[in-house]
Amino acid sequence: MNLRRFLARHGVPGVTPILVYQMAKVGSSSIAEALEERKLAVFHLHRMNREHLERMRAKRAELGWHLAPLPAHDVLGPILRERLVDRGRSVKVITLVRDPIARNFSSYFEHLDRIWHRQNAHESVPMEELHRGFVERFPHEEALTWFDDELRPVFGVDVYEHPFPASGHLRIGDVLVLKSELDDATKCAAVSEFLGLRNLVFRPANVTASKAKGEVYKRFVSTLRLDPAYVERMLESRYTRHFYTEAEREAMRRKYLRSAGLR
């Protein structure tokens with residue numbers, strides 16, 4: 001739903017905005033689309049903190065990215081913060097977490113053209129260069145700091161103060177935190193309970209591996225050899241340790257170090 005449409009109806013009693021608000025590439029599109037199908041006042045956002053948005057763009061410019069004009073969701077996010085959150089309006093927030101290495105793979109491929117300053121970069125950049133670009137030209141820490149850069153300053157919610165349960169989902173007041181790796185049925189049940197809905201159905205959406213560049217993406221992931229120090233930095237971060245159990249992190253470690261030929 002766009003801002004004009006929402007503002008035309010947001011004064012109607014009983015209409016509560018729903019913000020699907022999370023870092024990019026964590027599997028949120030299917031949730032947003034399912035809620036849009038129900039004609040709810042839903043917004044799909046990655047950033048609402050204008051200061052963080054400016055820092056993020058500065059970092060990407062430093063890494064050599066081509067900075068296109070702000071996408072609609074990055075224009076809308078700070079406006080919604082000012083018109084809804086800062087004015088104390090009631091909102092519901094759904095956010096997600098994902099294995100940060102898998103998330104970074106997906107985000108890197110989503111932005112290849114901007115990183116390499118050419119259209120269809122996956123078709124023209126050699127695989128060895130794609131590997132090098134991931135290591136040298138991608139902001140790997142974005143996933144690890146998103147909750148401190150966005151959710152906490154915007155909503156005053158510190159997820160790290162709340163133990164994350166084995167169920168893979170946690171409600172903190174009007175904020176629902178979901179683990180991306182949960183199956184759709186579990187995610188659907190958690191969102192339905194959070195919003196008081198019935199018969200909600202999620203459909204796969206915006207999956208990098210299923211797009212035109214999907215075969216190149218699969219080859220990239222299968223042939224990339226990660227530095228063990230990078231794997232440890234990502235998996236032993238506060239973010240990953242909070243949301244993923246020791247057993248889950250060890251499984252990730254085995255997967256990524258095996259790809260490096262170390263296990």
# chains A, B, ... in the order shown; residues from 1 in each chain; ligands from 1

call {"tool": "residues_around", "arguments": {"residues": "Ala166 in chain A", "least_positions_apart": "2", "cutoff": "12 Å", "atoms": "only C-alpha atoms", "output": "list in words"}}
result
Pro163, Phe164, Gly168, His169, Leu170, Leu178, Lys179, Leu182, His242, Phe243, Tyr244, Thr245, Glu246, Ala247 and Glu248 of chain A

call {"tool": "residues_around", "arguments": {"residues": "Cys188 in chain A", "least_positions_apart": "5", "cutoff": "8 Å", "atoms": "only C-alpha atoms", "output": "list in words"}}
result
Leu200, Val201 and Phe202 of chain A

call {"tool": "residues_around", "arguments": {"residues": "Glu37 in chain A", "least_positions_apart": "3", "cutoff": "12 Å", "atoms": "only C-alpha atoms", "output": "list of chain:residue names"}}
result
A:Met1, A:Ser30, A:Ile31, A:Ala32, A:Glu33, A:Ala34, A:Leu40, A:Ala41, A:Val42, A:Asn199, A:Leu200, A:Val201, A:Phe202, A:Arg203

call {"tool": "residues_around", "arguments": {"residues": "Phe134 in chain A", "least_positions_apart": "3", "cutoff": "10 Å", "atoms": "only C-alpha atoms", "output": "PyMOL selection string"}}
result
chain A and resi 104-105+108-109+112+115+129-131+137-140+224

call {"tool": "select_by_dssp", "arguments": {"residues": "range 60-254 of chain A", "states": "strand (DSSP E)", "output": "ChimeraX atom specification"}}
result
/A:92-97,169-172,175-179

call {"tool": "closest_residue", "arguments": {"among": "A:Leu80, A:Ile94, A:Val154, A:Ala121", "to": "Glu51 in chain A", "atoms": "only C-alpha atoms"}}
result
A:Val154

call {"tool": "select_by_dssp", "arguments": {"residues": "range 34-180 of chain A", "states": "alpha helix (DSSP H)", "output": "number ranges by chain"}}
result
A: 34-37, 50-62, 72-80, 100-110, 112-116, 121-124, 127-137, 142-146, 152-155

call {"tool": "closest_residue", "arguments": {"among": "A:Ala251, A:Leu226, A:Lys187, A:Thr240", "to": "Arg132 in chain A", "atoms": "only C-alpha atoms"}}
result
A:Leu226

call {"tool": "closest_residue", "arguments": {"among": "A:Gly77, A:Gly133, A:Asp99, A:Phe194", "to": "Arg249 in chain A", "atoms": "only C-alpha atoms"}}
result
A:Asp99

call {"tool": "closest_residue", "arguments": {"among": "A:Arg60, A:Lys213, A:Arg171, A:Arg225", "to": "Val157 in chain A", "atoms": "only C-alpha atoms"}}
result
A:Arg171

call {"tool": "residues_around", "arguments": {"residues": "Leu67 in chain A", "least_positions_apart": "4", "cutoff": "10 Å", "atoms": "only C-alpha atoms", "output": "JSON, numbers by chain"}}
result
{"A": [57, 58, 60, 61, 114, 115, 117]}

call {"tool": "closest_residue", "arguments": {"among": "A:Lys218, A:Arg152, A:Arg81, A:Arg118", "to": "Trp65 in chain A", "atoms": "only C-alpha atoms"}}
result
A:Arg118

call {"tool": "residues_around", "arguments": {"residues": "Lys92 in chain A", "least_positions_apart": "2", "cutoff": "8 Å", "atoms": "only C-alpha atoms", "output": "ChimeraX atom specification"}}
result
/A:16-19,90,94,174-175

call {"tool": "write_last_selection", "arguments": {"atoms": "C-alpha atoms", "output": "PDB file, in the first residue's frame"}}
result
ATOM      1  CA  THR A  16      -3.759  -0.433  12.593  1.00  0.00           C
ATOM      2  CA  PRO A  17      -0.752  -0.107  10.273  1.00  0.00           C
ATOM      3  CA  ILE A  18       1.347  -3.260   9.922  1.00  0.00           C
ATOM      4  CA  LEU A  19       5.036  -2.722   9.218  1.00  0.00           C
ATOM      5  CA  SER A  90      -0.277   2.260  17.378  1.00  0.00           C
ATOM      6  CA  ILE A  94       6.903  -7.947  11.944  1.00  0.00           C
ATOM      7  CA  ASP A 174       3.694  -5.053  19.308  1.00  0.00           C
ATOM      8  CA  VAL A 175       6.819  -6.480  17.647  1.00  0.00           C
TER       9      VAL A 175
END

call {"tool": "closest_residue", "arguments": {"among": "A:Pro71, A:Thr95, A:Leu84, A:Met252", "to": "Val20 in chain A", "atoms": "only C-alpha atoms"}}
result
A:Thr95

call {"tool": "atom_distance", "arguments": {"atom1": "CA of Ser192 in chain A", "atom2": "CA of Leu35 in chain A"}}
result
10.0 Å

call {"tool": "residues_around", "arguments": {"residues": "range 44-46 of chain A", "least_positions_apart": "6", "cutoff": "6 Å", "atoms": "only C-alpha atoms", "output": "count of residues only"}}
result
5
